[in-house]
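Working notes, structure below.
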Amino acid sequence: MFAHFAQFAVLAQDGPVDIVNEVVDTTGVTEWDVIWAVVTVVAAAVLGHLLALLARRAGRKSALPPNVIDLISTIVMWGIATVGFVAALSMIGLNVAPLWFLIVIFILMFAIGGRALLEAFGAGVMLQARAPFAAGDLVELVDVRGVVVEVNSRVVVLDTVDGRRVYLPNQQVLRGEIINLTAHGSRMSMVHLDVVYGTNLDDACRIAVAAAQTVDAIRSEPEPIAEVAAFEASAVRIRLRFWHDPDLTSEWAATDSIVRAVYSAYAEHGVGFAFPQQTLWWGPDQKPT
């Protein structure tokens with residue numbers, strides 16, 4: 001094959017008539033050769049179409065994603081058709097050795113340079129086979145929150161709440177943490193309430209829960225819960241947990257309403273919010289200030 005290709009390159013130095021006569025030799029071509037060439041092309045097209053249909057059927061039985069089935073069937077159909085076309089050219093006197101050489105080079109280049117493409121395709125197949133999310137789900141992928149638009153053979157497409165469209169490579173998504181925020185139809189959020197030391201914590205938790213229950217933006221079930229979370233440097237931290245609809249705007253609306261309601265309730269009942277404080281000690285004979 002390499003010898004034929006080198007011979008073809010040398011002929012480029014001659015005139016166009018010599019090149020054509022060398023590459024195309026029709027002296028031994030008969031009418032039957034032309035007929036068989038046409039039959040070969042038609043047969044290859046029919047065979048490619050049938051094998052593509054079989055590939056589609058096998059893909060459906062294996063529950064492969066639709067875009068994967070389309071890709072495989074297209075490769076099969078055009079691969080068979082190309083082989084038949086090249087074989088038909090050789091039947092009518094065309095020297096196809098350089099063409100076969102170029103096809104081999106293309107396959108090698110695709111195998112080497114197409115590694116990233118194949119990895120992305122494989123990751124896309126795994127994502128669609130496992131189906132951790134679907135179009136319309138709110139997800140968090142690679143530190144990006146957005147609604148899934150589609151998953152194709154190369155990227156996951158997200159629309160963010162601030163109007164951006166983000167394209168995340170399949171490999172990167174598959175390697176990272178996948179969080180589906182709409183899988184169960186509702187989500188839990190929390191706010192931290194830092195109250196001063198000396199506060200009656202039972203009263204502070206009860207007031208926070210009562211205030212949260214007046215908010216329409218949260219779910220009534222499960223009920224909101226307030227609990228003491230930690231002793232901070234200048235405050236006792238109370239954690240208020242509540243449930244809301246899974247989308248981001250519902251989370252923000254619920255959090256805003258909860259904070260406003262608890263702030264007003266604490267002000268009404270005299271519960272003080274803490275602020276950062278420092279104690280300065282000047283020595284054993286002086287009181288801290």
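Residues are named by chain letter and number: chains run A, B, ... in the order of the structure tokens, numbers start at 1 in each chain, and ligands are numbered from 1 in the order shown.
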For region 247-253 of chain A, work out the shell of residues within 12 Å, counting only C-alpha atoms and skipping chain neighbours fewer than 2 positions away, then give it as a PyMOL selection string. chain A and resi 136-140+145-147+160-162+180-191+215-219+242-245+255-260
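All residues of region 221-259 of chain A that DSSP, run on the backbone, classes as strand (DSSP E) are Ile225, Ala226, Glu227, Val228, Ala229, Ala230, Phe231, Val236, Arg237, Ile238, Arg239, Leu240, Arg241, Phe242, Trp243 and His244 of chain A.
The smallest atom-to-atom distance between Phe121 (chain A) and any of A:Phe85, A:Val104, A:Leu158, A:Gln171, using only C-alpha atoms, is found for A:Gln171.
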Picked from region 109-267 of chain A by DSSP as alpha helix (DSSP H), as an MDAnalysis selection string: chainID A and resid 109:113 115:130 170:175 201:212 248:267
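Ranking A:Phe273, A:Tyr266, A:Trp36, A:Trp281 by their shortest atom-to-atom distance to Ala208 (chain A), with only C-alpha atoms included, puts A:Tyr266 first.
Residues in contact with Ala45 (chain A) at 9 Å, where only C-alpha atoms are counted and same-chain residues fewer than 4 positions away are skipped, are listed as Thr40, Val41, His49, Leu50, Met77, Trp78, Ile80, Ala81, Thr82, Gly84 and Phe85 of chain A.
Between CA of Pro169 (chain A) and CA of Pro132 (chain A) the interatomic distance comes to 15.7 Å.
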Return the single residue from A:Glu227, A:Gly270, A:Leu141, A:Val156 that is closest to Ile178 (chain A), with distances computed using only C-alpha atoms. A:Leu141
Which residues are close to Ala265 (chain A), i.e. within 8 Å by only C-alpha atoms, leaving aside same-chain residues fewer than 3 positions away? Reply as a PDB file with all heavy atoms, in the first residue's frame.
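For reference, around.pdb as written:
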```pdb
ATOM      1  N   ILE A 207     -40.033  30.080  70.016  1.00  0.00           N
ATOM      2  CA  ILE A 207     -40.423  31.295  69.286  1.00  0.00           C
ATOM      3  C   ILE A 207     -40.025  31.196  67.818  1.00  0.00           C
ATOM      4  O   ILE A 207     -40.785  31.601  66.920  1.00  0.00           O
ATOM      5  CB  ILE A 207     -39.779  32.530  69.948  1.00  0.00           C
ATOM      6  CG1 ILE A 207     -40.350  32.739  71.356  1.00  0.00           C
ATOM      7  CG2 ILE A 207     -39.987  33.778  69.099  1.00  0.00           C
ATOM      8  CD1 ILE A 207     -39.599  33.769  72.169  1.00  0.00           C
ATOM      9  N   ALA A 208     -38.856  30.646  67.537  1.00  0.00           N
ATOM     10  CA  ALA A 208     -38.388  30.510  66.151  1.00  0.00           C
ATOM     11  C   ALA A 208     -39.302  29.576  65.355  1.00  0.00           C
ATOM     12  O   ALA A 208     -39.667  29.872  64.213  1.00  0.00           O
ATOM     13  CB  ALA A 208     -36.955  30.008  66.130  1.00  0.00           C
ATOM     14  N   ALA A 211     -42.671  31.254  64.712  1.00  0.00           N
ATOM     15  CA  ALA A 211     -42.553  32.263  63.648  1.00  0.00           C
ATOM     16  C   ALA A 211     -42.453  31.603  62.285  1.00  0.00           C
ATOM     17  O   ALA A 211     -43.055  32.070  61.303  1.00  0.00           O
ATOM     18  CB  ALA A 211     -41.330  33.144  63.915  1.00  0.00           C
ATOM     19  N   ALA A 261     -39.561  36.774  59.646  1.00  0.00           N
ATOM     20  CA  ALA A 261     -40.516  36.393  60.687  1.00  0.00           C
ATOM     21  C   ALA A 261     -39.823  36.170  62.028  1.00  0.00           C
ATOM     22  O   ALA A 261     -40.311  36.619  63.081  1.00  0.00           O
ATOM     23  CB  ALA A 261     -41.268  35.137  60.260  1.00  0.00           C
ATOM     24  N   VAL A 262     -38.681  35.485  62.019  1.00  0.00           N
ATOM     25  CA  VAL A 262     -37.967  35.218  63.275  1.00  0.00           C
ATOM     26  C   VAL A 262     -37.398  36.513  63.853  1.00  0.00           C
ATOM     27  O   VAL A 262     -37.442  36.733  65.078  1.00  0.00           O
ATOM     28  CB  VAL A 262     -36.850  34.180  63.038  1.00  0.00           C
ATOM     29  CG1 VAL A 262     -35.988  34.021  64.296  1.00  0.00           C
ATOM     30  CG2 VAL A 262     -37.449  32.837  62.644  1.00  0.00           C
ATOM     31  N   GLU A 268     -39.989  41.123  69.339  1.00  0.00           N
ATOM     32  CA  GLU A 268     -41.210  41.248  70.139  1.00  0.00           C
ATOM     33  C   GLU A 268     -41.056  40.603  71.510  1.00  0.00           C
ATOM     34  O   GLU A 268     -41.580  41.123  72.513  1.00  0.00           O
ATOM     35  CB  GLU A 268     -42.373  40.607  69.378  1.00  0.00           C
ATOM     36  CG  GLU A 268     -43.699  40.672  70.107  1.00  0.00           C
ATOM     37  CD  GLU A 268     -44.819  39.987  69.347  1.00  0.00           C
ATOM     38  OE1 GLU A 268     -44.593  39.622  68.174  1.00  0.00           O
ATOM     39  OE2 GLU A 268     -45.911  39.818  69.925  1.00  0.00           O
ATOM     40  N   HIS A 269     -40.345  39.499  71.611  1.00  0.00           N
ATOM     41  CA  HIS A 269     -40.195  38.776  72.881  1.00  0.00           C
ATOM     42  C   HIS A 269     -38.896  39.113  73.605  1.00  0.00           C
ATOM     43  O   HIS A 269     -38.579  38.481  74.623  1.00  0.00           O
ATOM     44  CB  HIS A 269     -40.268  37.277  72.630  1.00  0.00           C
ATOM     45  CG  HIS A 269     -41.623  36.793  72.202  1.00  0.00           C
ATOM     46  ND1 HIS A 269     -42.059  36.836  70.899  1.00  0.00           N
ATOM     47  CD2 HIS A 269     -42.654  36.268  72.935  1.00  0.00           C
ATOM     48  CE1 HIS A 269     -43.282  36.341  70.820  1.00  0.00           C
ATOM     49  NE2 HIS A 269     -43.679  35.994  72.048  1.00  0.00           N
TER      50      HIS A 269
END
```
By how many Å are CA of Phe231 (chain A) and CA of Tyr197 (chain A) apart? 9.1 Å
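If only C-alpha atoms are the atoms counted, then among A:Ile75, A:Val149, A:Ala44, A:Ala229 the closest residue to Arg164 (chain A) is A:Val149.
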Choose the residue, out of A:Gly48, A:Gly79, A:Pro224, A:Gly93, that has the smallest atom-to-atom separation from Thr30 (chain A); count only C-alpha atoms. A:Gly93
Do you know which residues are at most 12 Å from Ser234 (chain A) counting only C-alpha atoms, after dropping those on the same chain fewer than 6 positions away, and could you put them as a list in words? Asp194, Val195, Val196, Tyr197, Gly198, Phe273, Ala274, Phe275, Pro276, Gln277, Gln278 and Thr279 of chain A
Convert the current residue selection to file output with N, CA, C and O atoms, as a PDB file, in the first residue's frame.
```pdb
ATOM      1  N   ASP A 194     -27.948  33.266  65.970  1.00  0.00           N
ATOM      2  CA  ASP A 194     -26.968  33.442  67.034  1.00  0.00           C
ATOM      3  C   ASP A 194     -27.552  34.365  68.100  1.00  0.00           C
ATOM      4  O   ASP A 194     -27.741  35.565  67.863  1.00  0.00           O
ATOM      5  N   VAL A 195     -27.845  33.785  69.282  1.00  0.00           N
ATOM      6  CA  VAL A 195     -28.427  34.559  70.381  1.00  0.00           C
ATOM      7  C   VAL A 195     -27.381  34.747  71.470  1.00  0.00           C
ATOM      8  O   VAL A 195     -26.400  34.003  71.574  1.00  0.00           O
ATOM      9  N   VAL A 196     -27.601  35.763  72.304  1.00  0.00           N
ATOM     10  CA  VAL A 196     -26.616  36.100  73.338  1.00  0.00           C
ATOM     11  C   VAL A 196     -26.619  35.030  74.427  1.00  0.00           C
ATOM     12  O   VAL A 196     -27.624  34.341  74.650  1.00  0.00           O
ATOM     13  N   TYR A 197     -25.489  34.882  75.092  1.00  0.00           N
ATOM     14  CA  TYR A 197     -25.408  33.993  76.237  1.00  0.00           C
ATOM     15  C   TYR A 197     -26.343  34.509  77.337  1.00  0.00           C
ATOM     16  O   TYR A 197     -26.477  35.713  77.547  1.00  0.00           O
ATOM     17  N   GLY A 198     -26.989  33.589  78.035  1.00  0.00           N
ATOM     18  CA  GLY A 198     -27.976  33.936  79.053  1.00  0.00           C
ATOM     19  C   GLY A 198     -29.397  33.865  78.547  1.00  0.00           C
ATOM     20  O   GLY A 198     -30.349  33.991  79.325  1.00  0.00           O
ATOM     21  N   PHE A 273     -30.106  39.172  69.549  1.00  0.00           N
ATOM     22  CA  PHE A 273     -29.112  38.560  68.671  1.00  0.00           C
ATOM     23  C   PHE A 273     -27.720  38.976  69.128  1.00  0.00           C
ATOM     24  O   PHE A 273     -27.490  40.118  69.534  1.00  0.00           O
ATOM     25  N   ALA A 274     -26.786  38.041  69.052  1.00  0.00           N
ATOM     26  CA  ALA A 274     -25.421  38.329  69.478  1.00  0.00           C
ATOM     27  C   ALA A 274     -24.650  38.995  68.354  1.00  0.00           C
ATOM     28  O   ALA A 274     -24.996  38.892  67.184  1.00  0.00           O
ATOM     29  N   PHE A 275     -23.606  39.687  68.741  1.00  0.00           N
ATOM     30  CA  PHE A 275     -22.691  40.276  67.783  1.00  0.00           C
ATOM     31  C   PHE A 275     -21.271  39.956  68.237  1.00  0.00           C
ATOM     32  O   PHE A 275     -21.037  39.665  69.417  1.00  0.00           O
ATOM     33  N   PRO A 276     -20.288  39.989  67.365  1.00  0.00           N
ATOM     34  CA  PRO A 276     -18.915  39.620  67.745  1.00  0.00           C
ATOM     35  C   PRO A 276     -18.404  40.496  68.887  1.00  0.00           C
ATOM     36  O   PRO A 276     -18.562  41.721  68.878  1.00  0.00           O
ATOM     37  N   GLN A 277     -17.788  39.840  69.885  1.00  0.00           N
ATOM     38  CA  GLN A 277     -17.243  40.547  71.039  1.00  0.00           C
ATOM     39  C   GLN A 277     -15.840  40.039  71.329  1.00  0.00           C
ATOM     40  O   GLN A 277     -15.507  38.905  71.029  1.00  0.00           O
ATOM     41  N   GLN A 278     -15.047  40.907  71.960  1.00  0.00           N
ATOM     42  CA  GLN A 278     -13.705  40.531  72.404  1.00  0.00           C
ATOM     43  C   GLN A 278     -13.508  40.979  73.849  1.00  0.00           C
ATOM     44  O   GLN A 278     -13.972  42.056  74.236  1.00  0.00           O
ATOM     45  N   THR A 279     -12.863  40.147  74.635  1.00  0.00           N
ATOM     46  CA  THR A 279     -12.541  40.484  76.017  1.00  0.00           C
ATOM     47  C   THR A 279     -11.054  40.795  76.112  1.00  0.00           C
ATOM     48  O   THR A 279     -10.214  39.976  75.726  1.00  0.00           O
TER      49      THR A 279
END
```
Contact residues around Val34 (chain A) with only C-alpha atoms at 12 Å, ignoring same-chain residues under 4 positions, as a PyMOL selection string: chain A and resi 26+28-30+38-41+87-94
